[in-house]
$ cat input22.txt   # compact mmCIF, C-alpha atoms
# COMPACT_ATOMS: atom_id res chain seq x y z
CA PHE A 1 0.00 0.00 0.00
CA SER A 2 0.96 3.64 -0.53
CA THR A 3 -0.97 6.34 1.32
CA LEU A 4 -1.88 9.89 0.31
CA ASN A 5 -2.79 12.37 3.04
CA ALA A 6 -2.72 16.06 3.94
CA GLN A 7 1.06 16.19 3.57
CA ASP A 8 0.64 15.25 -0.09
CA GLY A 9 -2.01 17.93 -0.70
CA LEU A 10 -5.27 16.34 0.37
CA PRO A 11 -7.36 19.11 2.00
CA ASP A 12 -8.62 16.88 4.80
CA PRO A 13 -7.78 13.26 5.75
CA PHE A 14 -11.46 12.34 6.15
CA ILE A 15 -12.69 11.14 2.74
CA TYR A 16 -16.44 10.56 2.60
CA ALA A 17 -16.57 9.19 -0.95
CA MET A 18 -14.72 9.12 -4.25
CA ASP A 19 -15.18 8.49 -7.97
CA VAL A 20 -12.87 8.11 -10.96
CA ASP A 21 -13.37 9.75 -14.36
CA ARG A 22 -12.58 8.32 -17.81
CA GLN A 23 -9.07 9.75 -17.73
CA GLY A 24 -8.33 8.02 -14.44
CA VAL A 25 -8.50 11.22 -12.40
CA VAL A 26 -9.72 10.60 -8.85
CA TRP A 27 -12.32 12.96 -7.35
CA MET A 28 -12.74 12.88 -3.57
CA ALA A 29 -15.42 14.27 -1.26
CA THR A 30 -13.74 15.46 1.93
CA SER A 31 -14.44 17.53 5.03
CA GLY A 32 -12.23 20.22 3.52
CA GLY A 33 -13.82 20.42 0.06
CA LEU A 34 -13.69 18.60 -3.28
CA SER A 35 -10.28 17.22 -4.22
CA ARG A 36 -8.98 16.20 -7.66
CA TYR A 37 -5.94 13.92 -7.95
CA ASP A 38 -4.41 13.22 -11.37
CA GLY A 39 -1.82 10.74 -10.16
CA ARG A 40 0.77 13.41 -9.45
CA THR A 41 -0.78 16.43 -7.79
CA PHE A 42 -3.92 17.50 -5.96
CA ARG A 43 -6.19 20.35 -6.96
CA ASN A 44 -8.69 21.34 -4.28
CA PHE A 45 -11.99 23.17 -4.56
CA THR A 46 -13.76 24.95 -1.70
CA THR A 47 -16.36 27.67 -1.21
CA ARG A 48 -13.79 30.08 -2.63
CA GLU A 49 -14.13 28.33 -6.01
CA GLY A 50 -17.92 28.15 -5.77
CA LEU A 51 -18.89 25.12 -3.66
CA ILE A 52 -21.91 25.62 -1.42
CA LEU A 53 -20.04 24.16 1.53
CA ASP A 54 -16.60 22.71 2.18
CA GLU A 55 -18.13 19.64 3.85
CA VAL A 56 -18.59 17.51 0.70
CA GLN A 57 -20.10 14.16 1.63
CA THR A 58 -20.71 12.47 -1.72
CA VAL A 59 -19.35 12.81 -5.25
CA PHE A 60 -20.64 11.37 -8.53
CA LEU A 61 -19.22 11.51 -12.07
CA ASP A 62 -21.95 11.35 -14.72
CA PRO A 63 -21.51 9.88 -18.25
CA GLN A 64 -20.70 13.35 -19.61
CA GLY A 65 -17.86 13.78 -17.11
CA THR A 66 -19.65 16.39 -15.03
CA VAL A 67 -18.81 16.28 -11.32
CA TRP A 68 -21.74 16.37 -8.88
CA CYS A 69 -21.16 17.00 -5.17
CA GLY A 70 -23.66 16.43 -2.37
CA MET A 71 -23.48 18.11 1.02
CA PRO A 72 -25.73 19.19 3.91
CA PHE A 73 -26.61 22.46 2.14
CA GLY A 74 -27.46 21.09 -1.33
CA VAL A 75 -25.77 20.04 -4.57
CA SER A 76 -22.84 21.61 -6.44
CA ARG A 77 -22.17 20.84 -10.12
CA TYR A 78 -18.72 21.32 -11.64
CA ASP A 79 -18.48 21.29 -15.45
CA GLY A 80 -14.72 21.65 -15.60
CA HIS A 81 -14.83 25.43 -15.54
CA SER A 82 -17.21 26.65 -12.85
CA PHE A 83 -19.72 25.57 -10.22
CA ARG A 84 -23.50 25.81 -10.24
CA ASN A 85 -25.38 25.20 -7.02
CA PHE A 86 -28.81 23.72 -6.32
CA THR A 87 -30.56 24.21 -2.98
CA THR A 88 -34.09 24.22 -1.60
CA GLU A 89 -34.49 27.60 -3.31
CA GLU A 90 -34.20 25.83 -6.67
CA GLY A 91 -36.67 23.14 -5.58
CA LEU A 92 -34.72 20.49 -3.65
CA VAL A 93 -37.06 18.97 -1.08
CA ASP A 94 -34.35 18.98 1.60
CA PRO A 95 -30.88 20.58 1.72
CA TRP A 96 -28.98 17.45 2.76
CA ALA A 97 -27.97 15.67 -0.46
CA ARG A 98 -27.00 12.18 0.69
CA ALA A 99 -26.91 10.33 -2.65
CA LEU A 100 -26.59 11.35 -6.30
CA PHE A 101 -27.16 9.69 -9.67
CA ARG A 102 -27.35 11.02 -13.23
CA GLY A 103 -27.61 8.71 -16.22
CA GLY A 104 -27.38 9.10 -19.96
CA ASP A 105 -30.83 10.69 -20.12
CA GLY A 106 -29.48 13.73 -18.25
CA VAL A 107 -31.92 13.44 -15.35
CA LEU A 108 -30.38 14.09 -11.94
CA TRP A 109 -31.62 12.15 -8.92
CA VAL A 110 -30.86 13.43 -5.43
CA GLY A 111 -31.44 11.37 -2.31
CA THR A 112 -32.22 13.50 0.74
CA GLN A 113 -33.47 13.13 4.30
CA GLN A 114 -36.98 14.06 3.16
CA GLY A 115 -37.36 12.02 -0.01
CA LEU A 116 -36.05 11.64 -3.54
CA SER A 117 -35.74 14.67 -5.83
CA ARG A 118 -35.66 14.42 -9.64
CA TYR A 119 -34.21 17.27 -11.71
CA ASP A 120 -34.90 17.27 -15.46
CA GLY A 121 -32.75 20.29 -16.24
CA HIS A 122 -35.56 22.75 -15.61
CA SER A 123 -37.31 21.94 -12.35
CA PHE A 124 -37.36 19.52 -9.43
CA ARG A 125 -40.00 16.92 -8.65
CA THR A 126 -40.05 15.13 -5.30
CA PHE A 127 -41.05 11.57 -4.39
CA THR A 128 -41.73 10.43 -0.83
CA ALA A 129 -43.21 7.46 1.02
CA GLN A 130 -46.62 8.64 -0.17
CA ASP A 131 -45.48 7.86 -3.71
CA GLY A 132 -44.30 4.39 -2.75
CA LEU A 133 -40.76 4.84 -1.43
CA ALA A 134 -39.90 2.30 1.28
CA GLY A 135 -38.56 5.06 3.52
CA ILE A 136 -38.24 8.83 3.62
CA THR A 137 -34.43 9.12 3.92
CA VAL A 138 -32.56 8.11 0.75
CA ASN A 139 -28.98 6.97 1.35
CA ALA A 140 -28.00 5.28 -1.93
CA LEU A 141 -28.92 5.25 -5.65
CA ALA A 142 -27.96 2.95 -8.52
CA ALA A 143 -29.20 2.33 -12.08
CA ASP A 144 -30.78 -1.04 -12.77
CA GLY A 145 -29.39 -1.24 -16.33
CA ARG A 146 -32.87 -1.13 -17.88
CA GLY A 147 -33.69 2.53 -17.43
CA GLY A 148 -34.94 2.14 -13.87
CA LEU A 149 -33.48 3.12 -10.52
CA TRP A 150 -32.73 1.27 -7.29
CA ILE A 151 -33.14 3.36 -4.16
CA GLY A 152 -31.68 2.49 -0.76
CA THR A 153 -33.65 4.10 2.05
CA ASP A 154 -33.73 4.11 5.85
CA LYS A 155 -36.46 1.44 5.70
CA GLY A 156 -35.33 -0.84 2.91
CA LEU A 157 -34.97 -1.06 -0.86
CA SER A 158 -37.23 0.49 -3.49
CA HIS A 159 -37.25 0.25 -7.29
CA TYR A 160 -38.52 2.89 -9.71
CA ASP A 161 -39.35 1.75 -13.25
CA GLY A 162 -40.02 5.22 -14.59
CA HIS A 163 -43.67 5.16 -13.56
CA THR A 164 -44.16 3.51 -10.18
CA PHE A 165 -42.24 2.44 -7.09
CA SER A 166 -42.08 -1.12 -5.79
CA THR A 167 -40.39 -2.80 -2.82
CA PRO A 168 -38.92 -6.32 -3.18
CA GLY A 169 -39.83 -8.82 -0.50
CA GLY A 170 -37.45 -10.99 1.47
CA LEU A 171 -34.88 -8.26 2.10
CA VAL A 172 -33.74 -6.16 5.04
CA LYS A 173 -36.32 -3.61 6.19
CA GLY A 174 -33.76 -1.40 7.90
CA ALA A 175 -31.38 1.25 6.59
CA ILE A 176 -29.38 0.63 3.43
CA ASN A 177 -26.01 2.38 3.42
CA THR A 178 -24.83 1.66 -0.12
CA LEU A 179 -25.82 -0.13 -3.34
CA HIS A 180 -24.14 -1.88 -6.24
CA VAL A 181 -25.82 -3.41 -9.29
CA ASP A 182 -24.03 -6.04 -11.39
CA VAL A 183 -24.27 -6.25 -15.18
CA ASP A 184 -26.67 -9.21 -14.83
CA GLY A 185 -29.00 -7.13 -12.62
CA THR A 186 -28.02 -8.63 -9.29
CA VAL A 187 -28.35 -6.02 -6.55
CA TRP A 188 -25.96 -5.88 -3.59
CA LEU A 189 -26.92 -3.94 -0.47
CA GLY A 190 -24.58 -2.75 2.27
CA THR A 191 -26.32 -2.47 5.64
CA ALA A 192 -25.61 -2.40 9.38
CA GLY A 193 -26.61 -6.07 9.35
CA GLY A 194 -24.15 -7.23 6.74
CA LEU A 195 -24.24 -7.61 2.97
CA TRP A 196 -27.44 -8.55 1.12
CA ARG A 197 -27.78 -9.97 -2.38
CA TRP A 198 -31.00 -9.72 -4.41
CA ASP A 199 -31.17 -11.78 -7.61
CA GLY A 200 -34.63 -10.65 -8.63
CA GLN A 201 -36.45 -13.43 -6.79
CA ALA A 202 -34.88 -13.94 -3.38
CA GLY A 203 -32.52 -12.28 -0.96
CA ARG A 204 -29.48 -13.70 0.81
CA ASN A 205 -27.67 -12.16 3.77
CA PHE A 206 -23.90 -12.41 4.37
CA THR A 207 -22.45 -11.49 7.77
CA ALA A 208 -19.21 -11.80 9.71
CA ARG A 209 -20.11 -15.44 10.28
CA ASP A 210 -19.77 -15.99 6.54
CA GLY A 211 -16.44 -14.19 6.29
CA LEU A 212 -17.27 -10.47 6.15
CA ALA A 213 -14.71 -8.29 7.92
CA SER A 214 -17.56 -6.51 9.75
CA ASP A 215 -21.34 -6.49 9.60
CA GLN A 216 -21.32 -2.72 9.02
CA VAL A 217 -20.97 -2.42 5.23
CA ILE A 218 -20.73 1.21 4.06
CA SER A 219 -19.27 0.99 0.51
CA LEU A 220 -19.35 -1.46 -2.40
CA PHE A 221 -17.42 -1.87 -5.65
CA ARG A 222 -16.98 -4.55 -8.34
CA ASP A 223 -13.46 -4.50 -9.77
CA ARG A 224 -12.39 -5.40 -13.32
CA GLN A 225 -11.23 -8.82 -12.14
CA GLY A 226 -14.76 -9.61 -10.96
CA LEU A 227 -14.21 -9.34 -7.22
CA LEU A 228 -16.90 -7.65 -5.14
CA TRP A 229 -15.29 -5.32 -2.59
CA CYS A 230 -17.04 -4.35 0.63
CA GLY A 231 -15.83 -1.38 2.63
CA THR A 232 -16.79 -1.65 6.27
CA TYR A 233 -17.20 0.80 9.13
CA ASP A 234 -14.58 -0.72 11.39
CA GLY A 235 -13.09 -3.85 9.83
CA GLY A 236 -11.28 -2.68 6.70
CA ALA A 237 -12.17 -3.93 3.21
CA CYS A 238 -12.96 -7.43 2.09
CA ALA A 239 -13.20 -9.02 -1.36
CA TYR A 240 -15.69 -11.74 -2.31
CA ASP A 241 -15.09 -14.00 -5.31
CA GLY A 242 -18.37 -15.87 -5.03
CA GLN A 243 -16.98 -18.45 -2.64
CA PHE A 244 -14.29 -17.02 -0.40
CA TRP A 245 -13.60 -13.76 1.43
CA THR A 246 -10.27 -11.94 1.67
CA THR A 247 -9.82 -9.09 4.15
CA LEU A 248 -7.43 -6.12 4.07
CA ASP A 249 -7.03 -3.83 7.08
CA THR A 250 -4.50 -1.59 8.82
CA ARG A 251 -2.33 -4.62 9.57
CA ASP A 252 -1.86 -5.00 5.80
CA GLY A 253 -1.09 -1.31 5.29
CA LEU A 254 -4.55 0.18 4.82
CA ALA A 255 -4.64 3.79 6.08
CA GLY A 256 -7.75 3.17 8.21
CA ASN A 257 -10.30 0.46 8.93
CA ARG A 258 -13.31 2.64 8.06
CA VAL A 259 -13.43 2.30 4.27
CA THR A 260 -15.83 4.87 2.86
CA GLY A 261 -15.14 4.27 -0.83
CA ILE A 262 -13.45 1.84 -3.20
CA ARG A 263 -12.57 2.41 -6.87
CA GLN A 264 -10.07 1.21 -9.46
CA GLY A 265 -7.67 3.43 -11.35
CA SER A 266 -6.95 3.30 -15.07
CA ASP A 267 -3.85 1.18 -14.32
CA HIS A 268 -6.04 -1.33 -12.38
CA THR A 269 -4.70 -0.06 -9.05
CA LEU A 270 -7.29 -0.34 -6.30
CA LEU A 271 -8.07 2.84 -4.38
CA PHE A 272 -9.45 2.82 -0.84
CA ALA A 273 -10.88 5.96 0.78
CA THR A 274 -10.72 6.00 4.57
CA ASP A 275 -11.27 8.32 7.47
$ encode --input "input22.txt" --output "C-alpha cells"
Amino acid sequence: FSTLNAQDGLPDPFIYAMDVDRQGVVWMATSGGLSRYDGRTFRNFTTREGLILDEVQTVFLDPQGTVWCGMPFGVSRYDGHSFRNFTTEEGLVDPWARALFRGGDGVLWVGTQQGLSRYDGHSFRTFTAQDGLAGITVNALAADGRGGLWIGTDKGLSHYDGHTFSTPGGLVKGAINTLHVDVDGTVWLGTAGGLWRWDGQAGRNFTARDGLASDQVISLFRDRQGLLWCGTYDGGACAYDGQFWTTLDTRDGLAGNRVTGIRQGSDHTLLFATD
C-alpha cells in the first residue's frame, strides 16, 4: 500500500466518498472540500471556487464527465470550468444531499433526508413514502441497467421503473447504506446487518459469520477482475469472489479500517478511501 494524506495535498484526511473519471482522475469528497488527484498532484476546490459548503459528503461523475457534489446544504455541479449550485431555493425537497445519480438521459436524482428529488434540467420533482418509497431518507442510488433506478432508504430497498415504485420482499427492512448493481442485474446492499444480495427473486444475507470483515458495510465496488469489494465501518475492506472472502485492514497497510469508498484506477490499481 501507498498512502496519500494532507502532507501530499489532500485538503482533509477524512474522505467521505470518491469516484474516478474516464481519464483516471480521482475525485474525492472530503471535510475540507472537493479534491482532484491526477496521479501526481492535488487540486482542491472549496467555497472560494464556488462550492456551497466545504463539507462535501458524496461525489458522482456522470456519463458526460460532469462532477456532482452532495453536502448538507445542497448540490454543487462542476463542469470543468465553474460551479453551479442547487438548494431548496431551486426546488430540492431537503438541503442534505445524501446520494446522487445522473444517467445518460441527463436526469439528476438526489437522495435526501426528506425524499427523492428528480431534476430534469428545468425543475425539481419530489417523491416520498406517499409515492411508494420504502422510507423517507434516501442513502443510496444505482441504475438497474434497464432505465430504472434502485433506491436504498432508511427502511429498505425500493425500485422505480419510470412510472411507479415497488419494494422487493425478502430483504432487510432497515437502513441501506450503499448499493451496487451487477451487469446481470443482481443487486448488492450494504447495511448495518451485513451484505445482502438480491437476484430478482430472493434475498441472501452475508455477515461476519460468513467471512465479512464486519457487519457494518458502508461501501461497495466490483473491480475489473470480478471481485466484489465491501468497505466496512470498522473492519477494513474485504473481497468476495463468489466463494471465499479476503480481508485487508491496517495490519496490511490500509490507512484506516473505516473504508468509505473503493474504486479502481486506469492502471487497475485499487483505491481505498478511509477516514
$ atom_distance --input "input22.txt" --atom1 "CA of Leu10 (chain A)" --atom2 "CA of Asp38 (chain A)"
12.2 Å
$ closest_residue --input "input22.txt" --among "A:Asn85, A:Ser158, A:Thr207, A:Gln264" --to "Arg222 (chain A)" --atoms "all atoms listed in the file"
A:Gln264
$ closest_residue --input "input22.txt" --among "A:Gln201, A:Thr269, A:Asn139, A:Asn44" --to "Ala175 (chain A)" --atoms "all atoms listed in the file"
A:Asn139
$ closest_residue --input "input22.txt" --among "A:Thr274, A:Arg146, A:Leu92, A:Gly185" --to "Thr126 (chain A)" --atoms "all atoms listed in the file"
A:Leu92
$ residues_near_point --input "input22.txt" --point "(-34.0, 6.6, -3.7)" --cutoff "9 Å" --atoms "only C-alpha atoms" --output "PyMOL selection string"
chain A and resi 99+109-112+115-117+127+133-142+149-153+157-160
$ residues_around --input "input22.txt" --residues "region 46-50 of chain A" --least-positions-apart "4" --cutoff "6 Å" --atoms "all atoms listed in the file" --output "PDB file with C-alpha atoms, keeping the file's coordinate frame"
ATOM      1  CA  GLY A  33     -13.820  20.420   0.060  1.00  0.00           C
ATOM      2  CA  ASP A  54     -16.600  22.710   2.180  1.00  0.00           C
ATOM      3  CA  PHE A  83     -19.720  25.570 -10.220  1.00  0.00           C
TER       4      PHE A  83
END
$ atom_distance --input "input22.txt" --atom1 "CA of Asp19 (chain A)" --atom2 "CA of Val187 (chain A)"
19.6 Å
$ atom_distance --input "input22.txt" --atom1 "CA of Arg258 (chain A)" --atom2 "CA of Phe206 (chain A)"
18.8 Å
$ residues_around --input "input22.txt" --residues "region 234-236 of chain A" --least-positions-apart "2" --cutoff "8 Å" --atoms "all atoms listed in the file" --output "count of residues only"
15
$ residues_around --input "input22.txt" --residues "Met71 (chain A)" --least-positions-apart "3" --cutoff "12 Å" --atoms "only C-alpha atoms" --output "ChimeraX atom specification"
/A:16-17,29-34,51-59,68,74-77,85-87,94-100,110-113
$ residues_around --input "input22.txt" --residues "Trp229 (chain A)" --least-positions-apart "5" --cutoff "9 Å" --atoms "all atoms listed in the file" --output "ChimeraX atom specification"
/A:219-223,237-240,262
$ closest_residue --input "input22.txt" --among "A:Gln243, A:Ser266, A:Thr66, A:Thr178" --to "Gly194 (chain A)" --atoms "all atoms listed in the file"
A:Thr178
$ closest_residue --input "input22.txt" --among "A:Val20, A:Leu4, A:Leu189, A:Val93" --to "Phe42 (chain A)" --atoms "all atoms listed in the file"
A:Leu4
